[in-house]
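Containing mmCIF, C-alpha atoms: target.cif.
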data_structure
loop_
_atom_site.group_PDB
_atom_site.id
_atom_site.type_symbol
_atom_site.label_atom_id
_atom_site.label_comp_id
_atom_site.auth_asym_id
_atom_site.auth_seq_id
_atom_site.Cartn_x
_atom_site.Cartn_y
_atom_site.Cartn_z
ATOM 1 C CA MET A 250 15.979 -26.008 6.062
ATOM 2 C CA LEU A 251 17.536 -28.978 7.948
ATOM 3 C CA SER A 252 19.977 -26.704 9.787
ATOM 4 C CA LEU A 253 17.119 -24.402 10.826
ATOM 5 C CA GLY A 254 15.109 -27.359 12.154
ATOM 6 C CA ARG A 255 18.180 -28.654 14.023
ATOM 7 C CA ASN A 256 18.748 -25.270 15.670
ATOM 8 C CA ILE A 257 15.104 -25.056 16.695
ATOM 9 C CA MET A 258 15.206 -28.488 18.290
ATOM 10 C CA GLN A 259 18.427 -27.676 20.148
ATOM 11 C CA GLN A 260 17.001 -24.453 21.558
ATOM 12 C CA ALA A 261 13.786 -26.205 22.525
ATOM 13 C CA ARG A 262 15.692 -28.843 24.542
ATOM 14 C CA ARG A 263 17.379 -26.104 26.572
ATOM 15 C CA VAL A 264 14.033 -24.628 27.627
ATOM 16 C CA GLU A 265 12.974 -26.434 30.761
ATOM 17 C CA SER A 266 10.125 -24.193 31.874
ATOM 18 C CA SER A 267 8.579 -23.930 28.434
ATOM 19 C CA SER A 268 4.897 -24.667 27.847
ATOM 20 C CA VAL A 269 5.798 -26.347 24.546
ATOM 21 C CA THR A 270 6.424 -30.065 25.206
ATOM 22 C CA GLN A 271 8.808 -32.346 23.400
ATOM 23 C CA GLN A 272 5.848 -34.275 21.981
ATOM 24 C CA THR A 273 4.461 -31.102 20.411
ATOM 25 C CA LEU A 274 7.816 -30.310 18.834
ATOM 26 C CA ARG A 275 8.086 -33.833 17.472
ATOM 27 C CA ALA A 276 4.564 -33.549 16.063
ATOM 28 C CA LEU A 277 5.563 -30.317 14.345
ATOM 29 C CA SER A 278 8.912 -31.652 13.171
ATOM 30 C CA GLY A 279 7.359 -32.477 9.808
ATOM 31 C CA LYS A 280 6.196 -28.857 9.458
ATOM 32 C CA ILE A 281 9.464 -27.037 10.108
ATOM 33 C CA HIS A 282 8.605 -24.427 7.471
ATOM 34 C CA ASN A 283 5.767 -23.151 9.705
ATOM 35 C CA ILE A 284 8.053 -22.664 12.741
ATOM 36 C CA HIS A 285 10.074 -19.471 13.081
ATOM 37 C CA ILE A 286 12.995 -19.151 15.445
ATOM 38 C CA ASP A 287 11.357 -16.137 17.123
ATOM 39 C CA ASN A 288 8.282 -18.179 18.050
ATOM 40 C CA ILE A 289 10.192 -20.598 20.313
ATOM 41 C CA PRO A 290 9.762 -19.603 23.994
ATOM 42 C CA ARG A 291 12.952 -18.525 25.739
ATOM 43 C CA PRO A 292 13.754 -18.639 29.437
ATOM 44 C CA GLY A 293 13.310 -15.483 31.495
ATOM 45 C CA LYS A 294 10.559 -13.325 32.878
ATOM 46 C CA GLY A 295 10.278 -11.179 29.755
ATOM 47 C CA VAL A 296 9.225 -7.526 29.574
ATOM 48 C CA PRO A 297 6.704 -6.263 32.142
ATOM 49 C CA LYS A 298 3.345 -5.226 30.751
ATOM 50 C CA ASP A 299 3.793 -1.616 31.865
ATOM 51 C CA GLU A 300 7.070 -1.330 29.949
ATOM 52 C CA MET A 301 5.735 -2.753 26.701
ATOM 53 C CA PRO A 302 5.768 -0.103 23.934
ATOM 54 C CA PHE A 303 2.293 -1.063 22.730
ATOM 55 C CA TYR A 304 0.122 -2.973 25.174
ATOM 56 C CA HIS A 305 -3.485 -3.117 23.979
ATOM 57 C CA HIS A 306 -4.890 -5.693 26.369
ATOM 58 C CA ARG A 307 -5.369 -3.478 29.392
ATOM 59 C CA TYR A 308 -8.665 -2.002 30.525
ATOM 60 C CA VAL A 309 -9.612 1.117 28.573
ATOM 61 C CA PRO A 310 -12.625 3.032 29.927
ATOM 62 C CA LYS A 311 -15.194 4.593 27.615
ATOM 63 C CA PHE A 312 -14.376 8.077 28.897
ATOM 64 C CA HIS A 313 -10.724 8.725 29.689
ATOM 65 C CA ASP A 314 -9.869 10.285 33.031
ATOM 66 C CA ALA A 315 -6.725 11.031 34.990
ATOM 67 C CA GLY A 316 -6.549 7.511 36.381
ATOM 68 C CA HIS A 317 -6.767 5.873 32.950
ATOM 69 C CA PRO A 318 -4.836 7.831 30.318
ATOM 70 C CA PRO A 319 -5.609 7.113 26.650
ATOM 71 C CA ARG A 320 -3.743 4.169 25.188
ATOM 72 C CA LYS A 321 -0.989 4.536 22.628
ATOM 73 C CA LYS A 322 -1.852 3.610 19.089
ATOM 74 C CA HIS A 323 0.361 1.995 16.502
ATOM 75 C CA LYS A 324 1.944 4.445 14.100
ATOM 76 C CA ILE A 325 1.520 2.555 10.860
ATOM 77 C CA PRO A 326 4.132 3.640 8.268
ATOM 78 C CA ARG A 327 1.501 4.103 5.568
ATOM 79 C CA LYS A 328 -0.592 6.398 7.789
ATOM 80 C CA ARG A 329 2.513 8.248 8.924
ATOM 81 C CA ALA A 330 3.535 8.883 5.308
ATOM 82 C CA SER A 331 0.026 10.106 4.457
ATOM 83 C CA LYS A 332 0.127 12.505 7.414
ATOM 84 C CA LEU A 333 3.512 13.885 6.332
ATOM 85 C CA LEU A 334 2.282 14.343 2.761
ATOM 86 C CA LEU A 335 -0.829 16.129 4.024
ATOM 87 C CA ASP A 336 1.310 18.499 6.120
ATOM 88 C CA LEU A 337 3.537 19.281 3.136
ATOM 89 C CA GLN A 338 0.544 19.992 0.915
ATOM 90 C CA THR A 339 -1.052 22.200 3.568
ATOM 91 C CA GLU A 340 2.133 24.261 3.871
ATOM 92 C CA ALA A 341 2.431 24.575 0.093
ATOM 93 C CA VAL A 342 -1.204 25.706 -0.240
ATOM 94 C CA ALA A 343 -0.768 28.319 2.502
ATOM 95 C CA LYS A 344 2.398 29.621 0.835
ATOM 96 C CA ASN A 345 0.678 29.889 -2.562
ATOM 97 C CA LYS A 346 -2.251 31.775 -1.045
ATOM 98 C CA SER A 347 0.064 34.291 0.600
ATOM 99 C CA ASP A 348 2.139 34.750 -2.571
ATOM 100 C CA ARG A 349 -0.768 35.012 -5.049
ATOM 101 C CA PRO A 350 -3.860 36.448 -3.365
ATOM 102 C CA ASN A 351 -5.126 37.855 -6.681
ATOM 103 C CA VAL A 352 -5.777 34.276 -7.858
ATOM 104 C CA LEU A 353 -6.436 32.051 -4.851
ATOM 105 C CA ASP A 354 -8.256 34.537 -2.619
ATOM 106 C CA VAL A 355 -10.801 35.603 -5.249
ATOM 107 C CA GLU A 356 -14.263 34.335 -4.291
ATOM 108 C CA PHE A 357 -16.390 32.891 -7.080
ATOM 109 C CA TRP A 358 -19.150 30.292 -7.318
ATOM 110 C CA PRO A 359 -20.607 27.971 -9.967
ATOM 111 C CA GLY A 360 -22.617 29.970 -12.467
ATOM 112 C CA ASP A 361 -20.330 33.043 -12.339
ATOM 113 C CA ALA A 362 -18.472 34.367 -15.375
ATOM 114 C CA ILE A 363 -14.744 34.669 -14.690
ATOM 115 C CA GLU A 364 -11.661 35.772 -16.585
ATOM 116 C CA LEU A 365 -8.168 34.332 -16.089
ATOM 117 C CA GLU A 366 -4.935 35.782 -17.379
ATOM 118 C CA MET A 367 -2.580 32.939 -18.311
ATOM 119 C CA VAL A 368 0.909 32.678 -19.766
ATOM 120 C CA THR A 369 0.812 31.186 -23.257
ATOM 121 C CA HIS A 370 4.486 30.331 -23.786
ATOM 122 C CA GLY A 371 7.927 31.420 -22.681
ATOM 123 C CA GLY A 372 7.836 30.290 -19.048
ATOM 124 C CA ILE A 373 6.338 31.723 -15.895
ATOM 125 C CA ASN A 374 8.349 34.948 -16.204
ATOM 126 C CA SER A 375 7.145 35.630 -19.754
ATOM 127 C CA ASP A 376 4.999 38.635 -20.636
ATOM 128 C CA LYS A 377 3.151 36.749 -23.393
ATOM 129 C CA THR A 378 -0.239 36.174 -21.812
ATOM 130 C CA GLU A 379 -3.807 35.659 -22.921
ATOM 131 C CA LYS A 380 -7.168 36.106 -21.238
ATOM 132 C CA VAL A 381 -9.445 33.090 -20.885
ATOM 133 C CA ARG A 382 -13.122 33.604 -20.067
ATOM 134 C CA GLY A 383 -15.927 31.236 -19.289
ATOM 135 C CA VAL A 384 -18.810 30.223 -17.039
ATOM 136 C CA VAL A 385 -17.849 28.219 -13.969
ATOM 137 C CA LEU A 386 -19.400 24.744 -14.248
ATOM 138 C CA GLY A 387 -17.687 23.341 -11.179
ATOM 139 C CA ARG A 388 -14.798 23.678 -8.818
ATOM 140 C CA VAL A 389 -12.545 21.031 -7.263
ATOM 141 C CA ASN A 390 -11.005 21.900 -3.887
ATOM 142 C CA LYS A 391 -8.311 19.274 -3.419
ATOM 143 C CA GLY A 392 -5.183 20.894 -2.016
ATOM 144 C CA LEU A 393 -2.583 21.551 -4.691
ATOM 145 C CA GLY A 394 -4.843 19.801 -7.203
ATOM 146 C CA ALA A 395 -7.582 22.434 -6.903
ATOM 147 C CA SER A 396 -9.021 23.327 -10.303
ATOM 148 C CA VAL A 397 -11.958 25.021 -11.960
ATOM 149 C CA LEU A 398 -13.999 23.908 -14.986
ATOM 150 C CA ILE A 399 -15.152 26.728 -17.258
ATOM 151 C CA ARG A 400 -17.179 26.732 -20.481
ATOM 152 C CA ASP A 401 -17.227 29.313 -23.238
ATOM 153 C CA VAL A 402 -18.168 29.572 -26.914
ATOM 154 C CA LEU A 403 -15.362 30.439 -29.355
ATOM 155 C CA PHE A 404 -16.036 30.810 -33.090
ATOM 156 C CA GLY A 405 -19.325 28.993 -32.729
ATOM 157 C CA ASP A 406 -17.929 25.975 -30.851
ATOM 158 C CA ALA A 407 -18.345 25.280 -27.133
ATOM 159 C CA VAL A 408 -15.025 24.856 -25.327
ATOM 160 C CA ASN A 409 -14.568 23.312 -21.877
ATOM 161 C CA ARG A 410 -11.358 23.954 -19.961
ATOM 162 C CA GLN A 411 -10.141 22.421 -16.693
ATOM 163 C CA ILE A 412 -7.654 24.921 -15.254
ATOM 164 C CA PRO A 413 -5.504 24.162 -12.166
ATOM 165 C CA LEU A 414 -5.695 27.111 -9.789
ATOM 166 C CA HIS A 415 -2.260 26.539 -8.217
ATOM 167 C CA SER A 416 -0.488 26.634 -11.569
ATOM 168 C CA PRO A 417 2.223 29.344 -11.703
ATOM 169 C CA LEU A 418 1.094 30.140 -15.271
ATOM 170 C CA ILE A 419 -2.041 31.876 -13.958
ATOM 171 C CA LYS A 420 -1.309 35.545 -13.298
ATOM 172 C CA SER A 421 -4.705 36.840 -12.203
ATOM 173 C CA LEU A 422 -8.353 35.909 -11.812
ATOM 174 C CA LYS A 423 -11.350 38.190 -11.674
ATOM 175 C CA VAL A 424 -15.112 37.797 -11.674
ATOM 176 C CA LEU A 425 -16.849 39.405 -14.656
ATOM 177 C CA GLU A 426 -20.457 38.807 -13.591
ATOM 178 C CA LYS A 427 -22.099 37.090 -10.650
ATOM 179 C CA ASN A 428 -24.830 34.526 -11.415
ATOM 180 C CA PHE A 429 -24.224 34.771 -15.138
ATOM 181 C CA ILE A 430 -26.441 31.860 -16.193
ATOM 182 C CA TYR A 431 -29.616 33.126 -14.479
ATOM 183 C CA LYS A 432 -28.808 36.864 -14.679
ATOM 184 C CA GLY A 433 -29.621 37.246 -11.004
ATOM 185 C CA LYS A 434 -33.254 36.154 -11.412
ATOM 186 C CA ARG A 435 -32.818 33.122 -9.151
ATOM 187 C CA LYS A 436 -30.125 31.428 -7.133
ATOM 188 C CA VAL A 437 -27.768 28.706 -8.287
ATOM 189 C CA LYS A 438 -28.445 25.745 -5.999
ATOM 190 C CA ARG A 439 -25.971 23.238 -7.414
ATOM 191 C CA GLY A 440 -22.270 22.747 -6.939
ATOM 192 C CA LYS A 441 -21.780 21.282 -10.422
ATOM 193 C CA LEU A 442 -23.552 22.717 -13.473
ATOM 194 C CA TYR A 443 -22.794 19.950 -15.948
ATOM 195 C CA PHE A 444 -26.327 20.137 -17.303
ATOM 196 C CA LEU A 445 -25.305 23.328 -19.115
ATOM 197 C CA MET A 446 -23.391 21.165 -21.593
ATOM 198 C CA ASP A 447 -26.763 20.017 -22.969
ATOM 199 C CA ARG A 448 -28.226 23.524 -23.103
ATOM 200 C CA PRO A 449 -27.933 25.923 -26.057
ATOM 201 C CA LYS A 450 -24.462 27.356 -26.567
ATOM 202 C CA LYS A 451 -25.579 30.935 -26.048
ATOM 203 C CA ASP A 452 -26.329 30.192 -22.367
ATOM 204 C CA CYS A 453 -22.577 29.860 -21.704
ATOM 205 C CA GLN A 454 -21.221 32.398 -24.160
ATOM 206 C CA VAL A 455 -19.095 34.921 -22.282
ATOM 207 C CA THR A 456 -16.747 36.038 -25.070
ATOM 208 C CA LYS A 457 -18.653 38.228 -27.536
#
Step by step, read the file and then write its structure as structure tokens.
Amino acid sequence: MLSLGRNIMQQARRVESSSVTQQTLRALSGKIHNIHIDNIPRPGKGVPKDEMPFYHHRYVPKFHDAGHPPRKKHKIPRKRASKLLLDLQTEAVAKNKSDRPNVLDVEFWPGDAIELEMVTHGGINSDKTEKVRGVVLGRVNKGLGASVLIRDVLFGDAVNRQIPLHSPLIKSLKVLEKNFIYKGKRKVKRGKLYFLMDRPKKDCQVTK
């Protein structure tokens, strides 16, 4: 700490055209821990404003024109990483949609009865599959984390399942019946049908 303060004082004495006076440095000598070596003014004209990489103190009009181009913004590392992650997820979603259109391109809505063919065990290349049915209570569209919540009644008990749509274990998806809960008598006007969990079990029974 003493060597740092000594170096700061020596550099400050060499600066003749500095706006920081010797009295100010002596007043701050007891607070050396608040002074950084980069904060001491150095001789020279410095970098012109036009050559500064990020100069935010110039006039910026409300509507940009040819005479006043838009200013450059800081590329914060956290935002840059989020943008890269978003690009990677977008590419992965597009690739999955092109590889498995029978799952990700099937159009269904809350209230429809759907059937999914899933691999039970043995890996993604296994032929041991089972069919899962249920009423769609809600759908989450969140990139690779997209999923669907279905409800069915098996052996007298209501079963809710949250199934990720981008999982390689899903082989196919098909719609058994549109507007299953109202039988086509009226439209489904909600995106999430969680109230069906409080209704009688037979309202969501797809498997007979």
The distance between atom CA of A:Gly360 and atom CA of A:Glu379 is 22.3 Å
Return as number ranges by chain the set of residues that the PyMOL selection byres ((chain A and resi 353) around 12) yields on the displayed structure. A: 342-352, 354-357, 365, 390, 392-393, 395-397, 413-417, 419-423
When the PyMOL selection byres ((chain A and resi 446) around 10) is applied to the file above, which residues end up in the set, as a CSV table (one decimal) with C-alpha atoms, in the frame of the given file?
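Once written, out37.csv looks like this:
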chain,number,residue,atom,x,y,z
A,386,LEU,CA,-19.4,24.7,-14.2
A,400,ARG,CA,-17.2,26.7,-20.5
A,407,ALA,CA,-18.3,25.3,-27.1
A,408,VAL,CA,-15.0,24.9,-25.3
A,409,ASN,CA,-14.6,23.3,-21.9
A,442,LEU,CA,-23.6,22.7,-13.5
A,443,TYR,CA,-22.8,20.0,-15.9
A,444,PHE,CA,-26.3,20.1,-17.3
A,445,LEU,CA,-25.3,23.3,-19.1
A,447,ASP,CA,-26.8,20.0,-23.0
A,448,ARG,CA,-28.2,23.5,-23.1
A,449,PRO,CA,-27.9,25.9,-26.1
A,450,LYS,CA,-24.5,27.4,-26.6
A,452,ASP,CA,-26.3,30.2,-22.4
A,453,CYS,CA,-22.6,29.9,-21.7
With the PyMOL selection byres ((chain A and resi 367-369) around 8) as the selection, what would be picked from this file? Answer as a PDB file with C-alpha atoms, keeping the file's coordinate frame, please.
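In the end it all went to expr13.pdb:
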ATOM      1  CA  LEU A 365      -8.168  34.332 -16.089  1.00  0.00           C
ATOM      2  CA  GLU A 366      -4.935  35.782 -17.379  1.00  0.00           C
ATOM      3  CA  HIS A 370       4.486  30.331 -23.786  1.00  0.00           C
ATOM      4  CA  GLY A 371       7.927  31.420 -22.681  1.00  0.00           C
ATOM      5  CA  GLY A 372       7.836  30.290 -19.048  1.00  0.00           C
ATOM      6  CA  ILE A 373       6.338  31.723 -15.895  1.00  0.00           C
ATOM      7  CA  SER A 375       7.145  35.630 -19.754  1.00  0.00           C
ATOM      8  CA  ASP A 376       4.999  38.635 -20.636  1.00  0.00           C
ATOM      9  CA  LYS A 377       3.151  36.749 -23.393  1.00  0.00           C
ATOM     10  CA  THR A 378      -0.239  36.174 -21.812  1.00  0.00           C
ATOM     11  CA  GLU A 379      -3.807  35.659 -22.921  1.00  0.00           C
ATOM     12  CA  LYS A 380      -7.168  36.106 -21.238  1.00  0.00           C
ATOM     13  CA  VAL A 381      -9.445  33.090 -20.885  1.00  0.00           C
ATOM     14  CA  LEU A 418       1.094  30.140 -15.271  1.00  0.00           C
ATOM     15  CA  ILE A 419      -2.041  31.876 -13.958  1.00  0.00           C
ATOM     16  CA  LYS A 420      -1.309  35.545 -13.298  1.00  0.00           C
ATOM     17  CA  SER A 421      -4.705  36.840 -12.203  1.00  0.00           C
TER      18      SER A 421
END
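Atom CA of A:Ala341 is found 18.6 Å from atom CA of A:Arg329.
Atom CA of A:Gly383 to atom CA of A:Ile399 spans 5.0 Å [interatomic distance, one decimal].
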Around all the atoms of stretch 343-347 of chain A listed in the file, draw an axis-aligned box and extend it by 6 Å on each of the six sides; I want its centre and edge lengths in Å to one decimal, as AutoDock Vina command-line options.
--center_x 0.1 --center_y 31.3 --center_z 0.0 --size_x 16.6 --size_y 18.0 --size_z 17.1
Using only C-alpha atoms, which of the listed residues (A:Val455, A:Asp406, A:Lys438, A:Leu337) sits closest to A:Trp358?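 Among A:Val455, A:Asp406, A:Lys438, A:Leu337, it is A:Lys438 that comes nearest to A:Trp358.
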Could you tell me which of A:Arg382, A:Asn374, A:Phe404, A:Leu334 comes closest to A:Glu426 if we count all atoms listed in the file?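 Among the listed residues, A:Arg382 lies closest to A:Glu426.
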